[in-house]
Amino acid sequence: MSYAVDYFADMGQISQDCSSAATSTDFDMDDLDDLDQVTQVIGYHPHFHDHFLRTQNFIMKGDGPLPNDYRYYLAIIAAARHQCPYLVKRYEKEFINQGGSSEWLRGLDHIPDKLRAIYDINKILAHRPWLLRKEHIELLTKGINSWSLSEVVHAMVLLSHFHSLSSFVFSCGLTQKLDGLSSPKLKSAPATLGAPATATAAAAPSLPPQPQPQPLLSVANAATIVRQTTTTPVHQKTVLGEISLNTGGAGGTKPDYNTQNAASNNGSGGAPGDGAGGAAGGGGAGAAALNGYLATAQQLPQQHGISVEALMERMKVLSQNQDECSEAELSSRFKNVEMQTAELAAVTPGPAVALPPNISHYVDDANFIYQDFARRGAENVNTFRIQDYSWEDHGYSLVDGLYNDVGTYLDEKFRSAYNLTYCTMGGIKNVDTSKFRRAIWNYIQCIYGIRHDDYDYGEVNQLLVRPLKMFIKTACCFPERITTKDYDSVLVELQDSEKVHVNLMIMEARNQAELLYALREIMRYMT
């Protein structure tokens with residue numbers, strides 16, 4: 001069987017990066033979770049890869065209030081909410097290796113009452129975290145099978161981590177291949193890695209970037225990069241060992257990003273160039289659909305969004321025109337983006353499909369799924385304003401006080417994902433893409449009802465075209481519906497390493513959003 005590390009070794013990429021990431025740090029690789037195939041893809045970006053592994057191994061194997069069997073079972077039920085068979089299968093194995101009872105793997109009806117009591121919080125955090133209340137925390141901390149607050153925090157950290165990791169697995173077009181068949185290839189591998197220009201003292205994820213340029217994205221060597229406008233197909237190889245590219249789930253109708261309607265401009269006053277007319281249609285039928293779609297996307301990038309040059313020009317104009325907006329105008333622009341998001345279908349709804357039998361016993365109330373925050377209606381939930389409760393000023397200290405050191409690990413991971421930058425974008429070097437990164441991060445959290453008060457959400461409509469918004473929303477809210485076609489239909493001029501970088505931001509912005517809601521309610525319960 002061919003593994004991702006073997007494939008990318010041919011390109012001088014992943015194997016070297018994972019090795020250097022391991023040997024350049026002060027932790028012992030023997031104490032780390034083994035480098036599974038998904039973390040090898042994260043290895044496209046060694047700086048983030050380091051922080052990711054440190055955090056994951058601390059919450060799973062480090063000092064903490066929860067016993068090991070609880071930790072691994074929480075990982076299983078978190079991944080099961082998004083029907084992620086790769087993570088479920090992986091952590092079932094780890095659960096048994098850690099001495100967990102095989103009886104628990106029969107499903108939710110066979111676990112201790114104490115563990116079962118947290119399932120509603122798992123469900124709410126995964127799909128509608130704004131519904132979490134301090135009363136949920138109170139119920140857990142009282143009674144015979146009560147949880148300590150430290151245990152609750154540890155559980156929240158675990159659940160949010162594996163919800164967001166499920167988003168990453170699917171948003172990269174990857175899912176577990178359980179039948180042993182070989183999987184298709186990734187599109188193109190990048191050139192040799194150049195040193196990332198990370199900002200160790202840069203702003204925290206929910207704060208504006210530092211004034212100096214923060215060009216994002218490519219793992220290509222900035223000194224030797226050559227612009228790639230087309231990609232030569234590579235012979236099919238296994239991408240991640242037992243992980244395969246999704247080609248569409250059975251029974252579910254998948255989104256068409258290329259119709260006239262889907263490619264239209266973003267709402268009223270949307271940025272020009274968000275769509276390019278009818279273009280390639282719905283992708284055709286039959287076995288040739290995927291390859292034909294990919295070839296068309298590479299030849300006609302503007303039919304699937306916006307060219308890199310046009311995006312760079314928009315970022316330049318926005319940087320030069322820093323208009324002062326009133327609080328009322330900033331609030332209006334946020335509400336406009338929020339309502340557009342609610343009107344934006346993540347995918348075309350398909351008929352109800354039964355949960356896979358290897359996952360269904362870990363899922364209760366499967367019909368409880370994401371609903372747009374803007375349509376919360378009678379729930380009467382206010383927008384979550386960062387000026388009232390932020391990670392830096394509130395969440396970090398609370399989580400670190402109740403679960404020693406985890407706040408530091410999480411903070412470094414969030415900062416790494418937000419500030420990670422290379423000096424290229426789509427093969428063009430010396431590009432400041434700090435505005436693009438911030439638009440992605442803030443749009444993700446907008447999906448969950450979180451507003452960064454100092455941010456002009458008008459920039460979201462200028463920098464994130466409709467197909468990319470659809471992809472982000474699907475990756476966050478319905479990751480199990482992501483297909484290879486979805487992955488290939490957005491950011492078509494970027495290399496796979498750059499798309500992985502965007503997906504890392506999706507993962508971490510979502511992770512932080514869930515934690516903000518959870519920690520705020522814990523604080524309210526404590527006070």
# chains A, B, ... in the order shown; residues from 1 in each chain; ligands from 1
>>> closest_atom_pairs(of="stretch 380-429 of chain A", to="stretch 131-144 of chain A", cutoff="12 Å", atoms="only C-alpha atoms", output="JSON lines")
{"residue": "A:Asn380", "atom": "CA", "partner": "A:Leu131", "partner_atom": "CA", "distance": 9.9}
{"residue": "A:Val381", "atom": "CA", "partner": "A:Leu131", "partner_atom": "CA", "distance": 7.8}
{"residue": "A:Asn382", "atom": "CA", "partner": "A:Leu131", "partner_atom": "CA", "distance": 10.6}
{"residue": "A:Thr383", "atom": "CA", "partner": "A:Leu131", "partner_atom": "CA", "distance": 11.8}
{"residue": "A:Phe384", "atom": "CA", "partner": "A:Leu131", "partner_atom": "CA", "distance": 11.6}
>>> write_last_selection(atoms="all heavy atoms", output="PDB file, in the first residue's frame")
ATOM      1  N   ASN A 380     -34.173  33.733  20.102  1.00  0.00           N
ATOM      2  CA  ASN A 380     -33.829  35.028  20.693  1.00  0.00           C
ATOM      3  C   ASN A 380     -32.398  35.043  21.223  1.00  0.00           C
ATOM      4  O   ASN A 380     -32.130  35.398  22.374  1.00  0.00           O
ATOM      5  CB  ASN A 380     -34.807  35.388  21.811  1.00  0.00           C
ATOM      6  CG  ASN A 380     -34.701  36.848  22.219  1.00  0.00           C
ATOM      7  OD1 ASN A 380     -34.332  37.699  21.396  1.00  0.00           O
ATOM      8  ND2 ASN A 380     -35.014  37.143  23.470  1.00  0.00           N
ATOM      9  N   VAL A 381     -31.467  34.644  20.387  1.00  0.00           N
ATOM     10  CA  VAL A 381     -30.056  34.607  20.751  1.00  0.00           C
ATOM     11  C   VAL A 381     -29.367  35.825  20.149  1.00  0.00           C
ATOM     12  O   VAL A 381     -29.483  36.088  18.954  1.00  0.00           O
ATOM     13  CB  VAL A 381     -29.387  33.318  20.233  1.00  0.00           C
ATOM     14  CG1 VAL A 381     -27.917  33.297  20.605  1.00  0.00           C
ATOM     15  CG2 VAL A 381     -30.103  32.094  20.784  1.00  0.00           C
ATOM     16  N   ASN A 382     -28.651  36.544  20.978  1.00  0.00           N
ATOM     17  CA  ASN A 382     -27.940  37.720  20.496  1.00  0.00           C
ATOM     18  C   ASN A 382     -26.654  37.330  19.787  1.00  0.00           C
ATOM     19  O   ASN A 382     -26.069  36.278  20.058  1.00  0.00           O
ATOM     20  CB  ASN A 382     -27.607  38.653  21.668  1.00  0.00           C
ATOM     21  CG  ASN A 382     -28.848  39.257  22.296  1.00  0.00           C
ATOM     22  OD1 ASN A 382     -29.818  39.556  21.608  1.00  0.00           O
ATOM     23  ND2 ASN A 382     -28.814  39.439  23.606  1.00  0.00           N
ATOM     24  N   THR A 383     -26.219  38.196  18.883  1.00  0.00           N
ATOM     25  CA  THR A 383     -24.925  38.007  18.245  1.00  0.00           C
ATOM     26  C   THR A 383     -23.831  37.960  19.309  1.00  0.00           C
ATOM     27  O   THR A 383     -23.844  38.719  20.279  1.00  0.00           O
ATOM     28  CB  THR A 383     -24.641  39.162  17.268  1.00  0.00           C
ATOM     29  OG1 THR A 383     -25.626  39.149  16.238  1.00  0.00           O
ATOM     30  CG2 THR A 383     -23.256  39.032  16.649  1.00  0.00           C
ATOM     31  N   PHE A 384     -22.903  37.044  19.145  1.00  0.00           N
ATOM     32  CA  PHE A 384     -21.761  36.916  20.052  1.00  0.00           C
ATOM     33  C   PHE A 384     -20.745  37.977  19.647  1.00  0.00           C
ATOM     34  O   PHE A 384     -20.157  37.902  18.577  1.00  0.00           O
ATOM     35  CB  PHE A 384     -21.155  35.507  19.927  1.00  0.00           C
ATOM     36  CG  PHE A 384     -20.121  35.177  20.968  1.00  0.00           C
ATOM     37  CD1 PHE A 384     -20.320  34.124  21.836  1.00  0.00           C
ATOM     38  CD2 PHE A 384     -18.943  35.895  21.065  1.00  0.00           C
ATOM     39  CE1 PHE A 384     -19.368  33.791  22.798  1.00  0.00           C
ATOM     40  CE2 PHE A 384     -17.981  35.576  22.009  1.00  0.00           C
ATOM     41  CZ  PHE A 384     -18.201  34.520  22.880  1.00  0.00           C
TER      42      PHE A 384
END
>>> closest_residue(among="A:Phe368, A:Trp391, A:Phe58, A:Tyr443", to="A:Arg520", atoms="only C-alpha atoms")
A:Trp391
>>> closest_residue(among="A:Arg438, A:Ala310, A:His361, A:Glu94", to="A:Ile111", atoms="only C-alpha atoms")
A:His361
>>> residues_around(residues="A:Pro65", least_positions_apart="6", cutoff="9 Å", atoms="only C-alpha atoms", output="compact mmCIF listing (two decimals) with all heavy atoms, in the first residue's frame")
# COMPACT_ATOMS: atom_id res chain seq x y z
N SER A 148 -16.67 17.42 37.50
CA SER A 148 -16.02 18.61 38.02
C SER A 148 -15.89 19.63 36.89
O SER A 148 -15.96 19.27 35.70
CB SER A 148 -14.62 18.28 38.56
OG SER A 148 -13.75 17.94 37.49
N SER A 150 -13.27 21.12 35.94
CA SER A 150 -12.06 20.79 35.17
C SER A 150 -12.36 19.70 34.15
O SER A 150 -11.89 19.75 33.01
CB SER A 150 -10.95 20.34 36.12
OG SER A 150 -10.52 21.40 36.94
N GLU A 151 -13.15 18.71 34.55
CA GLU A 151 -13.52 17.65 33.62
C GLU A 151 -14.39 18.20 32.50
O GLU A 151 -14.24 17.80 31.33
CB GLU A 151 -14.27 16.54 34.36
CG GLU A 151 -13.41 15.72 35.29
CD GLU A 151 -14.21 14.70 36.08
OE1 GLU A 151 -15.38 15.00 36.45
OE2 GLU A 151 -13.69 13.59 36.33
N HIS A 154 -12.12 19.99 30.04
CA HIS A 154 -11.36 19.01 29.26
C HIS A 154 -12.25 18.40 28.17
O HIS A 154 -11.84 18.26 27.01
CB HIS A 154 -10.81 17.92 30.18
CG HIS A 154 -9.76 17.07 29.56
ND1 HIS A 154 -9.04 16.13 30.26
CD2 HIS A 154 -9.31 16.97 28.27
CE1 HIS A 154 -8.18 15.52 29.45
NE2 HIS A 154 -8.34 16.00 28.24
N TYR A 403 -7.81 23.88 33.50
CA TYR A 403 -7.14 22.74 32.88
C TYR A 403 -5.73 23.21 32.54
O TYR A 403 -5.48 23.76 31.48
CB TYR A 403 -7.92 22.32 31.64
CG TYR A 403 -7.39 21.15 30.84
CD1 TYR A 403 -6.37 20.32 31.31
CD2 TYR A 403 -7.92 20.85 29.60
CE1 TYR A 403 -5.90 19.26 30.57
CE2 TYR A 403 -7.47 19.79 28.83
CZ TYR A 403 -6.45 19.00 29.32
OH TYR A 403 -5.98 17.95 28.57
>>> residues_around(residues="A:Ala342", least_positions_apart="5", cutoff="12 Å", atoms="only C-alpha atoms", output="MDAnalysis selection string")
chainID A and resid 267 335:337 370:376 446:449 469:470 473 477
>>> write_last_selection(atoms="all heavy atoms", output="compact mmCIF listing (two decimals), in the first residue's frame")
# COMPACT_ATOMS: atom_id res chain seq x y z
N GLY A 267 -24.93 38.89 -3.36
CA GLY A 267 -25.95 39.76 -2.82
C GLY A 267 -25.93 41.14 -3.44
O GLY A 267 -25.37 41.38 -4.50
N LYS A 335 -24.48 42.46 9.51
CA LYS A 335 -25.80 41.86 9.35
C LYS A 335 -26.06 41.49 7.89
O LYS A 335 -26.72 40.48 7.61
CB LYS A 335 -26.87 42.83 9.86
CG LYS A 335 -26.86 43.01 11.37
CD LYS A 335 -27.89 44.03 11.83
CE LYS A 335 -27.85 44.21 13.34
NZ LYS A 335 -28.79 45.26 13.80
N ASN A 336 -25.54 42.29 6.98
CA ASN A 336 -25.71 42.00 5.56
C ASN A 336 -25.03 40.68 5.20
O ASN A 336 -25.62 39.82 4.53
CB ASN A 336 -25.13 43.14 4.73
CG ASN A 336 -25.35 42.95 3.24
OD1 ASN A 336 -26.42 42.54 2.80
ND2 ASN A 336 -24.32 43.24 2.45
N VAL A 337 -23.79 40.49 5.66
CA VAL A 337 -23.07 39.25 5.38
C VAL A 337 -23.75 38.08 6.08
O VAL A 337 -23.87 36.98 5.53
CB VAL A 337 -21.60 39.37 5.83
CG1 VAL A 337 -20.89 38.02 5.74
CG2 VAL A 337 -20.87 40.40 4.96
N TYR A 370 -27.04 21.68 11.71
CA TYR A 370 -26.84 23.13 11.68
C TYR A 370 -28.06 23.84 11.11
O TYR A 370 -28.66 23.39 10.12
CB TYR A 370 -25.62 23.47 10.83
CG TYR A 370 -25.39 24.96 10.65
CD1 TYR A 370 -24.72 25.70 11.62
CD2 TYR A 370 -25.85 25.62 9.51
CE1 TYR A 370 -24.51 27.06 11.46
CE2 TYR A 370 -25.64 26.99 9.34
CZ TYR A 370 -24.98 27.70 10.32
OH TYR A 370 -24.78 29.06 10.15
N GLN A 371 -28.43 24.94 11.75
CA GLN A 371 -29.39 25.87 11.20
C GLN A 371 -28.76 27.25 11.24
O GLN A 371 -28.07 27.59 12.19
CB GLN A 371 -30.70 25.87 12.00
CG GLN A 371 -31.51 24.60 11.84
CD GLN A 371 -32.84 24.66 12.59
OE1 GLN A 371 -33.11 25.61 13.32
NE2 GLN A 371 -33.66 23.65 12.41
N ASP A 372 -29.02 28.03 10.21
CA ASP A 372 -28.35 29.33 10.10
C ASP A 372 -28.62 30.19 11.33
O ASP A 372 -29.77 30.34 11.77
CB ASP A 372 -28.82 30.06 8.84
CG ASP A 372 -28.28 29.40 7.59
OD1 ASP A 372 -27.07 29.49 7.36
OD2 ASP A 372 -29.07 28.77 6.87
N PHE A 373 -27.55 30.77 11.85
CA PHE A 373 -27.68 31.63 13.02
C PHE A 373 -28.63 32.79 12.74
O PHE A 373 -29.41 33.19 13.61
CB PHE A 373 -26.30 32.17 13.42
CG PHE A 373 -26.33 33.03 14.64
CD1 PHE A 373 -26.35 32.47 15.90
CD2 PHE A 373 -26.35 34.42 14.54
CE1 PHE A 373 -26.38 33.26 17.05
CE2 PHE A 373 -26.38 35.22 15.67
CZ PHE A 373 -26.39 34.64 16.93
N ALA A 374 -28.59 33.32 11.54
CA ALA A 374 -29.45 34.46 11.19
C ALA A 374 -30.93 34.08 11.22
O ALA A 374 -31.79 34.96 11.29
CB ALA A 374 -29.08 35.00 9.82
N ARG A 375 -31.24 32.79 11.19
CA ARG A 375 -32.64 32.33 11.20
C ARG A 375 -33.02 31.76 12.57
O ARG A 375 -33.93 30.94 12.67
CB ARG A 375 -32.84 31.27 10.11
CG ARG A 375 -32.52 31.76 8.71
CD ARG A 375 -32.92 30.73 7.67
NE ARG A 375 -32.47 31.07 6.34
CZ ARG A 375 -33.05 31.93 5.53
NH1 ARG A 375 -34.12 32.56 5.92
NH2 ARG A 375 -32.56 32.18 4.32
N ARG A 376 -32.31 32.20 13.61
CA ARG A 376 -32.54 31.62 14.93
C ARG A 376 -33.92 31.93 15.48
O ARG A 376 -34.43 31.23 16.33
CB ARG A 376 -31.46 32.10 15.90
CG ARG A 376 -31.36 33.62 16.03
CD ARG A 376 -30.02 34.02 16.63
NE ARG A 376 -29.86 35.46 16.81
CZ ARG A 376 -29.49 36.29 15.85
NH1 ARG A 376 -29.27 35.83 14.63
NH2 ARG A 376 -29.33 37.57 16.09
N CYS A 446 -18.46 34.24 11.61
CA CYS A 446 -19.76 34.85 11.33
C CYS A 446 -20.82 33.78 11.13
O CYS A 446 -21.97 33.95 11.56
CB CYS A 446 -19.66 35.75 10.10
SG CYS A 446 -21.24 36.40 9.51
N ILE A 447 -20.46 32.68 10.50
CA ILE A 447 -21.39 31.57 10.28
C ILE A 447 -21.94 31.08 11.62
O ILE A 447 -23.09 30.63 11.70
CB ILE A 447 -20.68 30.42 9.52
CG1 ILE A 447 -20.38 30.85 8.08
CG2 ILE A 447 -21.51 29.15 9.54
CD1 ILE A 447 -19.51 29.87 7.31
N TYR A 448 -21.12 31.19 12.67
CA TYR A 448 -21.54 30.76 14.00
C TYR A 448 -22.03 31.92 14.87
O TYR A 448 -22.13 31.79 16.09
CB TYR A 448 -20.38 30.04 14.69
CG TYR A 448 -20.09 28.70 14.07
CD1 TYR A 448 -19.06 28.54 13.15
CD2 TYR A 448 -20.86 27.58 14.37
CE1 TYR A 448 -18.81 27.31 12.55
CE2 TYR A 448 -20.62 26.35 13.79
CZ TYR A 448 -19.59 26.23 12.87
OH TYR A 448 -19.34 25.01 12.28
N GLY A 449 -22.35 33.05 14.25
CA GLY A 449 -22.96 34.15 14.98
C GLY A 449 -22.00 35.01 15.77
O GLY A 449 -22.41 35.72 16.68
N LYS A 469 -17.43 30.89 -0.50
CA LYS A 469 -18.32 30.97 0.66
C LYS A 469 -19.12 29.67 0.82
O LYS A 469 -19.30 29.16 1.94
CB LYS A 469 -19.28 32.14 0.51
CG LYS A 469 -18.65 33.51 0.69
CD LYS A 469 -19.74 34.57 0.49
CE LYS A 469 -19.20 35.97 0.65
NZ LYS A 469 -20.26 36.99 0.41
N MET A 470 -19.61 29.14 -0.29
CA MET A 470 -20.37 27.89 -0.23
C MET A 470 -19.50 26.76 0.30
O MET A 470 -19.94 25.94 1.11
CB MET A 470 -20.92 27.55 -1.61
CG MET A 470 -21.96 28.53 -2.13
SD MET A 470 -22.46 28.18 -3.83
CE MET A 470 -23.45 26.72 -3.58
N LYS A 473 -18.88 27.28 4.10
CA LYS A 473 -20.07 26.96 4.89
C LYS A 473 -20.29 25.45 4.96
O LYS A 473 -20.62 24.90 6.01
CB LYS A 473 -21.30 27.65 4.31
CG LYS A 473 -22.57 27.40 5.12
CD LYS A 473 -23.75 28.20 4.60
CE LYS A 473 -25.00 27.95 5.43
NZ LYS A 473 -26.18 28.72 4.94
N CYS A 477 -20.26 23.39 8.44
CA CYS A 477 -21.57 22.99 8.95
C CYS A 477 -22.02 21.61 8.49
O CYS A 477 -22.74 20.92 9.20
CB CYS A 477 -22.63 24.02 8.53
SG CYS A 477 -22.16 25.72 8.95
